[in-house]
Amino acid sequence: MESSIQSFIDMCQWDTARFLIVSDNVFGVLIYYSHLIPLLASLVVGVFIFISDRKSLINKILLFILGTFSLWVFLDLILWANEKSSLIMFSWSTMILLEVLIYGASFYFIYVFIYKKDLPEKVKFLVGFLILPVVLLLGTKFNIVGFDLTNCYREVVEGPIATFYIYALEILAVLGIFVLAVHAFIKSKADFRKQIFIISLGIVLFLFTFSGGNIVGSLTENWNLGQFGLIGAPVFIAFLAYMIVRFRAFNIKLIATQVLVAGIWFLLLGILFIRTVENVRIITALTLILFTIIGELLIKSVKREIEQKEELAKLNIELERSIEQRESLVHLVTHKVKGSFTRSKYIFAGLLDGTFGEISPEIKKYAEQGLESDNMGISTVDLVLNADNLQRGIIKYDMQPTDFKPIVQKIAEEKKIPAEAKGLKLLTDIKDGNYHILGDATWLKEAINNLVENSIRYTQKGEINIQLDDGDGKIKFKIKDTGMGITAEDKKNLFTQGGRGKNSVKINVDSTGYGLYSVKLIIEAHKGKVWAESEGEGKGSTFFVELPATS
Amino acid sequence: MKFDKNKKSKIFNFVFFVLIFVSIAVVFYRYIIMENYRIFTDEEVFSTSLEEY
């Protein structure tokens with residue numbers, strides 16, 4: 001075998017390949033240009049998409065397609081460059097399998113893209129079953145019969161698997177993709193239709209040009225034409241890039257500018273792979289045209305982004321102005337309102353304490369109601385003002401070493417009477433422990449006060465349990481009631497500015513939605529956390545506060 | 001033994017990839033290591049061999 005090959009090497013004047021793919025045997029002038037650009041682009045894009053979301057099935061499939069394609073292209077370059085028959089036999093055989101895998105994976109890719117789920121088991125087995133003959137017969141004469149040394153073209157003699165079976169599978173795969181795409185297109189909504197169209201067209205163009213070149217090569221033995229089939233890959237990549245920029249496909253965020261710059265980079269890189277000076281002019285002219293188009297798109301894209309940024313900046317300024325105006329209005333209104341309530345409160349107080357003389361029991365009753373209403377109004381205004389000031393960061397906390405235990409004890413004592421007046425039991429369970437904290441006692445008292453008042457307000461019967469404990473360097477406060485509970489929907493609005501539950505408004509029409517919001521701001525300013533749990537409507541609630549203890 | 005869908009899929013993928021790997025390894029062994037393949041140096045032998053199919 002060796003002597004016959006050696007005599008042919010001598011006769012055909014084959015050059016020994018360097019690094020497997022570099023040699024003068026490559027007589028197609030654009031072989032390196034048409035191979036290396038698709039190879040590099042596929043590899044880079046495949047890896048980039050995979051890294052962006054490694055867990056996504058579709059990203060994995062795309063990496064498989066583009067990675068397998070890159071390997072196919074590399075092996076094809078080996079075929080072009082090498083004189084060693086063993087290497088050519090191995091590369092050619094392996095490429096047969098890789099081609100079929102690319103088509104099978106492309107069908108898989110389109111299915112997962114359209115239906116957002118894995119291929120059904122039966123279909124997977126069917127695809128695997130169809131590919132199995134290629135896998136099992138890869139190293140046999142049914143795939144590659146032998147090496148053709150009757151001429152200097154360094155080709156193999158293909159068997160029925162390589163000549164007919166794989167092309168039948170490839171045509172079947174393309175048909176399958178076409179059917180899937182058309183079926184999904186008809187059934188989908190307008191916005192998804194565009195995506196289906198773009199991705200299906202991209203992949204069909206890629207596969208069509210890929211197989212077209214190979215089929216022509218196999219049947220006519222003119223492999224020069226086959227090289228141009230690889231142009232489908234950069235086209236497919238361009239479609240993928242469009243999908244990513246326009247629709248955030250494959251869970252990737254990219255702007256048009258990044259994609260266009262990458263495109264220009266690859267175009268310029270390609271010029272390095274042109275072998276002859278004559279062809280440099282043609283390719284440079286082509287590159288210039290593409291560069292002009294891409295450059296135009298790039299300028300438009302950058303312009304658009306600048307315009308959007310400027311508009312965003314304008315909106316930001318308007319928003320800030322609007323917020324400032326709103327805040328001044330809130331302060332103005334609340335101060336005016338508070339002023340009105342306060343004046344009215346003094347009038348009612350004056351009536352009750354006899355400043356304006358004796359009053360009848362009936363008038364006394366109305367005066368008491370008026371005073372209570374004014375007190376509630378002032379308290380509401382204070383709550384809203386405090387929450388606003390807390391949110392804006394105007395409040396300056398006076399952080400001092402504080403003992404949290406007496407704060408809780410005092411509030412529990414103060415609230416016992418109003419709770420019992422409502423027919424509720426207020427129980428406390430305060431364990432011994434380290435409750436020292438670096439905090440503002442006034443605001444901490446305000447927070448706990450809000451929580452306890454909340455529980456009293458929303459509990460019609462039963463009891464309220466206040467617990468205080470320490471552990472793991474934390475102070476743990478818990479208040480549990482047998483009140484109206486919190487629904488899952490209302491839970492979302494808890495601790496939010498102005499958030500009120502539907503049921504809470506029924507029980508307390510004066511609910512402002514600022515009480516718990518203030519609690520959250522105060523506790524978080526003390527590096528703690530607050531949350532609530534409830535089994536649902538009518539099943540009571542438990543509010544938890546955790547604060548870091550100091551030694 | 002009952003397998004859930006996810007496990008079945010993983011087993012299928014594993015077996016499939018192992019088969020591919022083994023297939024390529026066989027081809028590598030046959031052509032690169034053993035250099036066990038037919039060489040057609042004569043036009044007549046070439047066409048006769050094809051007719052054997």
# chains A, B, ... in the order shown; residues from 1 in each chain; ligands from 1

$ closest_atom_pairs --of "stretch 89-120 of chain A" --to "stretch 21-26 of chain B" --cutoff "12 Å" --atoms "only C-alpha atoms" --output "tab-separated table"
residue	atom	partner	partner_atom	distance
A:Met89	CA	B:Ile24	CA	11.9
A:Phe90	CA	B:Ile24	CA	8.6
A:Ser91	CA	B:Ile24	CA	9.9
A:Trp92	CA	B:Ile24	CA	11.3
A:Ser93	CA	B:Ile24	CA	8.5
A:Thr94	CA	B:Ile24	CA	6.5
A:Met95	CA	B:Ile24	CA	10.1
A:Ile96	CA	B:Ile24	CA	10.8
A:Leu97	CA	B:Ile24	CA	8.7
A:Leu98	CA	B:Ile24	CA	10.2

$ write_last_selection --atoms "all heavy atoms" --output "PDB file, in the first residue's frame"
ATOM      1  N   MET A  89      -9.372   9.345   4.641  1.00  0.00           N
ATOM      2  CA  MET A  89     -10.412   8.324   4.886  1.00  0.00           C
ATOM      3  C   MET A  89     -11.115   8.601   6.209  1.00  0.00           C
ATOM      4  O   MET A  89     -12.348   8.572   6.289  1.00  0.00           O
ATOM      5  CB  MET A  89      -9.778   6.923   4.928  1.00  0.00           C
ATOM      6  CG  MET A  89      -9.320   6.379   3.597  1.00  0.00           C
ATOM      7  SD  MET A  89     -10.675   5.992   2.480  1.00  0.00           S
ATOM      8  CE  MET A  89     -11.355   4.536   3.262  1.00  0.00           C
ATOM      9  N   PHE A  90     -10.323   8.874   7.239  1.00  0.00           N
ATOM     10  CA  PHE A  90     -10.902   9.129   8.567  1.00  0.00           C
ATOM     11  C   PHE A  90     -11.774  10.385   8.541  1.00  0.00           C
ATOM     12  O   PHE A  90     -12.918  10.383   9.009  1.00  0.00           O
ATOM     13  CB  PHE A  90      -9.787   9.280   9.610  1.00  0.00           C
ATOM     14  CG  PHE A  90     -10.285   9.821  10.923  1.00  0.00           C
ATOM     15  CD1 PHE A  90     -11.030   9.022  11.785  1.00  0.00           C
ATOM     16  CD2 PHE A  90     -10.040  11.134  11.287  1.00  0.00           C
ATOM     17  CE1 PHE A  90     -11.511   9.529  12.993  1.00  0.00           C
ATOM     18  CE2 PHE A  90     -10.514  11.639  12.487  1.00  0.00           C
ATOM     19  CZ  PHE A  90     -11.256  10.837  13.333  1.00  0.00           C
ATOM     20  N   SER A  91     -11.239  11.476   7.994  1.00  0.00           N
ATOM     21  CA  SER A  91     -11.960  12.759   7.985  1.00  0.00           C
ATOM     22  C   SER A  91     -13.260  12.638   7.196  1.00  0.00           C
ATOM     23  O   SER A  91     -14.313  13.084   7.649  1.00  0.00           O
ATOM     24  CB  SER A  91     -11.099  13.868   7.381  1.00  0.00           C
ATOM     25  OG  SER A  91      -9.901  13.996   8.090  1.00  0.00           O
ATOM     26  N   TRP A  92     -13.165  12.024   6.028  1.00  0.00           N
ATOM     27  CA  TRP A  92     -14.354  11.906   5.163  1.00  0.00           C
ATOM     28  C   TRP A  92     -15.439  11.097   5.848  1.00  0.00           C
ATOM     29  O   TRP A  92     -16.612  11.475   5.849  1.00  0.00           O
ATOM     30  CB  TRP A  92     -13.926  11.253   3.841  1.00  0.00           C
ATOM     31  CG  TRP A  92     -14.825  11.581   2.673  1.00  0.00           C
ATOM     32  CD1 TRP A  92     -16.162  11.305   2.552  1.00  0.00           C
ATOM     33  CD2 TRP A  92     -14.443  12.206   1.443  1.00  0.00           C
ATOM     34  NE1 TRP A  92     -16.631  11.724   1.340  1.00  0.00           N
ATOM     35  CE2 TRP A  92     -15.602  12.284   0.630  1.00  0.00           C
ATOM     36  CE3 TRP A  92     -13.245  12.707   0.946  1.00  0.00           C
ATOM     37  CZ2 TRP A  92     -15.579  12.841  -0.639  1.00  0.00           C
ATOM     38  CZ3 TRP A  92     -13.224  13.260  -0.317  1.00  0.00           C
ATOM     39  CH2 TRP A  92     -14.383  13.329  -1.103  1.00  0.00           C
ATOM     40  N   SER A  93     -15.051   9.994   6.458  1.00  0.00           N
ATOM     41  CA  SER A  93     -16.038   9.144   7.151  1.00  0.00           C
ATOM     42  C   SER A  93     -16.707   9.912   8.277  1.00  0.00           C
ATOM     43  O   SER A  93     -17.937   9.897   8.409  1.00  0.00           O
ATOM     44  CB  SER A  93     -15.357   7.926   7.783  1.00  0.00           C
ATOM     45  OG  SER A  93     -14.847   7.090   6.817  1.00  0.00           O
ATOM     46  N   THR A  94     -15.881  10.559   9.083  1.00  0.00           N
ATOM     47  CA  THR A  94     -16.423  11.289  10.239  1.00  0.00           C
ATOM     48  C   THR A  94     -17.342  12.404   9.780  1.00  0.00           C
ATOM     49  O   THR A  94     -18.386  12.651  10.407  1.00  0.00           O
ATOM     50  CB  THR A  94     -15.279  11.847  11.094  1.00  0.00           C
ATOM     51  OG1 THR A  94     -14.350  10.804  11.349  1.00  0.00           O
ATOM     52  CG2 THR A  94     -15.773  12.407  12.405  1.00  0.00           C
ATOM     53  N   MET A  95     -16.986  13.061   8.693  1.00  0.00           N
ATOM     54  CA  MET A  95     -17.817  14.170   8.204  1.00  0.00           C
ATOM     55  C   MET A  95     -19.208  13.701   7.800  1.00  0.00           C
ATOM     56  O   MET A  95     -20.180  14.443   7.939  1.00  0.00           O
ATOM     57  CB  MET A  95     -17.142  14.835   7.001  1.00  0.00           C
ATOM     58  CG  MET A  95     -16.036  15.770   7.406  1.00  0.00           C
ATOM     59  SD  MET A  95     -14.970  16.168   6.049  1.00  0.00           S
ATOM     60  CE  MET A  95     -16.053  17.154   5.039  1.00  0.00           C
ATOM     61  N   ILE A  96     -19.309  12.483   7.323  1.00  0.00           N
ATOM     62  CA  ILE A  96     -20.622  11.928   6.933  1.00  0.00           C
ATOM     63  C   ILE A  96     -21.530  11.924   8.158  1.00  0.00           C
ATOM     64  O   ILE A  96     -22.680  12.344   8.124  1.00  0.00           O
ATOM     65  CB  ILE A  96     -20.469  10.496   6.367  1.00  0.00           C
ATOM     66  CG1 ILE A  96     -19.548  10.466   5.151  1.00  0.00           C
ATOM     67  CG2 ILE A  96     -21.815   9.861   6.075  1.00  0.00           C
ATOM     68  CD1 ILE A  96     -20.088  11.142   3.925  1.00  0.00           C
ATOM     69  N   LEU A  97     -20.970  11.423   9.265  1.00  0.00           N
ATOM     70  CA  LEU A  97     -21.751  11.349  10.504  1.00  0.00           C
ATOM     71  C   LEU A  97     -22.097  12.751  11.012  1.00  0.00           C
ATOM     72  O   LEU A  97     -23.232  13.026  11.403  1.00  0.00           O
ATOM     73  CB  LEU A  97     -20.958  10.583  11.567  1.00  0.00           C
ATOM     74  CG  LEU A  97     -21.607  10.505  12.947  1.00  0.00           C
ATOM     75  CD1 LEU A  97     -22.942   9.786  12.911  1.00  0.00           C
ATOM     76  CD2 LEU A  97     -20.683   9.803  13.944  1.00  0.00           C
ATOM     77  N   LEU A  98     -21.113  13.647  11.001  1.00  0.00           N
ATOM     78  CA  LEU A  98     -21.339  15.011  11.516  1.00  0.00           C
ATOM     79  C   LEU A  98     -22.433  15.723  10.724  1.00  0.00           C
ATOM     80  O   LEU A  98     -23.268  16.423  11.302  1.00  0.00           O
ATOM     81  CB  LEU A  98     -20.044  15.821  11.457  1.00  0.00           C
ATOM     82  CG  LEU A  98     -18.886  15.333  12.331  1.00  0.00           C
ATOM     83  CD1 LEU A  98     -17.682  16.252  12.173  1.00  0.00           C
ATOM     84  CD2 LEU A  98     -19.290  15.243  13.779  1.00  0.00           C
TER      85      LEU A  98
END

$ interface_residues --of "chain B" --to "chain A" --cutoff "8 Å" --atoms "only C-alpha atoms" --output "PyMOL selection string"
chain B and resi 9+16+19-20+23-24+26-28+30-32+35+37-43

$ write_last_selection --atoms "C-alpha atoms" --output "compact mmCIF listing (two decimals), in the first residue's frame"
# COMPACT_ATOMS: atom_id res chain seq x y z
CA SER B 9 -34.16 11.39 28.19
CA PHE B 16 -26.59 8.07 21.74
CA LEU B 19 -22.50 5.20 20.24
CA ILE B 20 -21.27 8.21 18.27
CA SER B 23 -18.24 4.81 16.04
CA ILE B 24 -15.71 7.57 15.52
CA VAL B 26 -13.64 2.56 15.42
CA VAL B 27 -13.15 4.65 12.28
CA PHE B 28 -10.02 6.23 13.79
CA ARG B 30 -9.36 1.29 11.36
CA TYR B 31 -8.10 4.08 9.12
CA ILE B 32 -5.44 5.89 11.09
CA GLU B 35 -4.61 1.74 7.75
CA TYR B 37 -8.86 0.25 3.72
CA ARG B 38 -9.02 -0.44 0.05
CA ILE B 39 -7.02 1.57 -2.43
CA PHE B 40 -8.12 1.80 -6.03
CA THR B 41 -5.14 2.32 -8.29
CA ASP B 42 -6.49 0.76 -11.45
CA GLU B 43 -9.54 2.03 -13.38

$ atom_distance --atom1 "atom CA of A:Gly483" --atom2 "atom CA of A:Lys415"
16.3 Å

$ atom_distance --atom1 "atom CA of A:Ile289" --atom2 "atom CA of A:Gly263"
13.1 Å

$ residues_around --residues "A:Phe228" --least-positions-apart "5" --cutoff "12 Å" --atoms "only C-alpha atoms" --output "tab-separated table (two decimals) with N, CA, C and O atoms, in the first residue's frame"
chain	number	residue	atom	x	y	z
A	28	GLY	N	-8.32	25.28	-4.56
A	28	GLY	CA	-9.44	26.23	-4.62
A	28	GLY	C	-8.98	27.55	-4.03
A	28	GLY	O	-8.49	27.59	-2.90
A	29	VAL	N	-9.07	28.64	-4.78
A	29	VAL	CA	-8.47	29.91	-4.33
A	29	VAL	C	-9.15	30.51	-3.11
A	29	VAL	O	-8.54	31.27	-2.36
A	30	LEU	N	-10.42	30.20	-2.92
A	30	LEU	CA	-11.14	30.82	-1.80
A	30	LEU	C	-11.44	29.82	-0.68
A	30	LEU	O	-12.29	30.07	0.16
A	31	ILE	N	-10.72	28.70	-0.70
A	31	ILE	CA	-11.03	27.64	0.26
A	31	ILE	C	-10.86	28.14	1.69
A	31	ILE	O	-11.75	27.97	2.53
A	32	TYR	N	-9.71	28.75	1.96
A	32	TYR	CA	-9.48	29.19	3.35
A	32	TYR	C	-10.46	30.28	3.75
A	32	TYR	O	-10.98	30.30	4.86
A	33	TYR	N	-10.74	31.20	2.84
A	33	TYR	CA	-11.69	32.28	3.13
A	33	TYR	C	-13.08	31.72	3.41
A	33	TYR	O	-13.73	32.08	4.39
A	34	SER	N	-13.51	30.81	2.53
A	34	SER	CA	-14.88	30.28	2.66
A	34	SER	C	-15.01	29.30	3.82
A	34	SER	O	-16.12	28.99	4.24
A	35	HIS	N	-13.90	28.79	4.35
A	35	HIS	CA	-13.97	27.82	5.44
A	35	HIS	C	-13.71	28.46	6.80
A	35	HIS	O	-14.45	28.21	7.76
A	38	PRO	N	-16.63	30.95	8.33
A	38	PRO	CA	-17.75	30.23	8.94
A	38	PRO	C	-17.36	29.42	10.17
A	38	PRO	O	-18.10	29.37	11.15
A	73	VAL	N	-16.24	21.62	9.20
A	73	VAL	CA	-15.47	22.53	8.34
A	73	VAL	C	-13.97	22.27	8.50
A	73	VAL	O	-13.22	22.26	7.52
A	206	PHE	N	-29.38	27.85	5.64
A	206	PHE	CA	-28.10	27.27	6.07
A	206	PHE	C	-28.01	25.81	5.61
A	206	PHE	O	-27.04	25.40	4.96
A	208	PHE	N	-29.84	24.19	3.42
A	208	PHE	CA	-30.00	24.05	1.97
A	208	PHE	C	-28.68	24.30	1.24
A	208	PHE	O	-28.27	23.52	0.38
A	209	THR	N	-28.01	25.39	1.62
A	209	THR	CA	-26.73	25.70	0.97
A	209	THR	C	-25.67	24.66	1.37
A	209	THR	O	-24.86	24.25	0.54
A	210	PHE	N	-25.72	24.23	2.62
A	210	PHE	CA	-24.76	23.25	3.12
A	210	PHE	C	-24.90	21.93	2.35
A	210	PHE	O	-23.94	21.40	1.81
A	211	SER	N	-26.13	21.42	2.28
A	211	SER	CA	-26.34	20.14	1.59
A	211	SER	C	-26.23	20.31	0.09
A	211	SER	O	-25.72	19.42	-0.60
A	212	GLY	N	-26.67	21.47	-0.40
A	212	GLY	CA	-26.60	21.72	-1.84
A	212	GLY	C	-25.18	21.56	-2.36
A	212	GLY	O	-24.93	20.86	-3.35
A	213	GLY	N	-24.25	22.21	-1.66
A	213	GLY	CA	-22.84	22.13	-2.07
A	213	GLY	C	-22.33	20.69	-2.03
A	213	GLY	O	-21.64	20.24	-2.95
A	214	ASN	N	-22.70	19.97	-0.96
A	214	ASN	CA	-22.21	18.60	-0.80
A	214	ASN	C	-22.82	17.64	-1.81
A	214	ASN	O	-22.13	16.75	-2.34
A	216	VAL	N	-24.00	18.38	-4.80
A	216	VAL	CA	-23.41	18.68	-6.11
A	216	VAL	C	-22.01	18.06	-6.19
A	216	VAL	O	-21.64	17.45	-7.19
A	217	GLY	N	-21.25	18.23	-5.10
A	217	GLY	CA	-19.90	17.66	-5.05
A	217	GLY	C	-19.90	16.15	-5.20
A	217	GLY	O	-19.14	15.58	-6.00
A	222	ASN	N	-17.32	17.67	-8.45
A	222	ASN	CA	-16.73	19.01	-8.55
A	222	ASN	C	-16.84	19.64	-7.17
A	222	ASN	O	-17.82	20.32	-6.85
A	223	TRP	N	-15.80	19.40	-6.33
A	223	TRP	CA	-15.87	19.86	-4.94
A	223	TRP	C	-15.61	21.35	-4.80
A	223	TRP	O	-15.84	21.92	-3.73
A	233	ALA	N	-23.76	29.42	6.59
A	233	ALA	CA	-23.53	29.52	8.04
A	233	ALA	C	-23.48	30.98	8.50
A	233	ALA	O	-24.19	31.34	9.45
A	234	PRO	N	-22.66	31.84	7.89
A	234	PRO	CA	-22.69	33.25	8.31
A	234	PRO	C	-24.06	33.89	8.13
A	234	PRO	O	-24.46	34.73	8.94
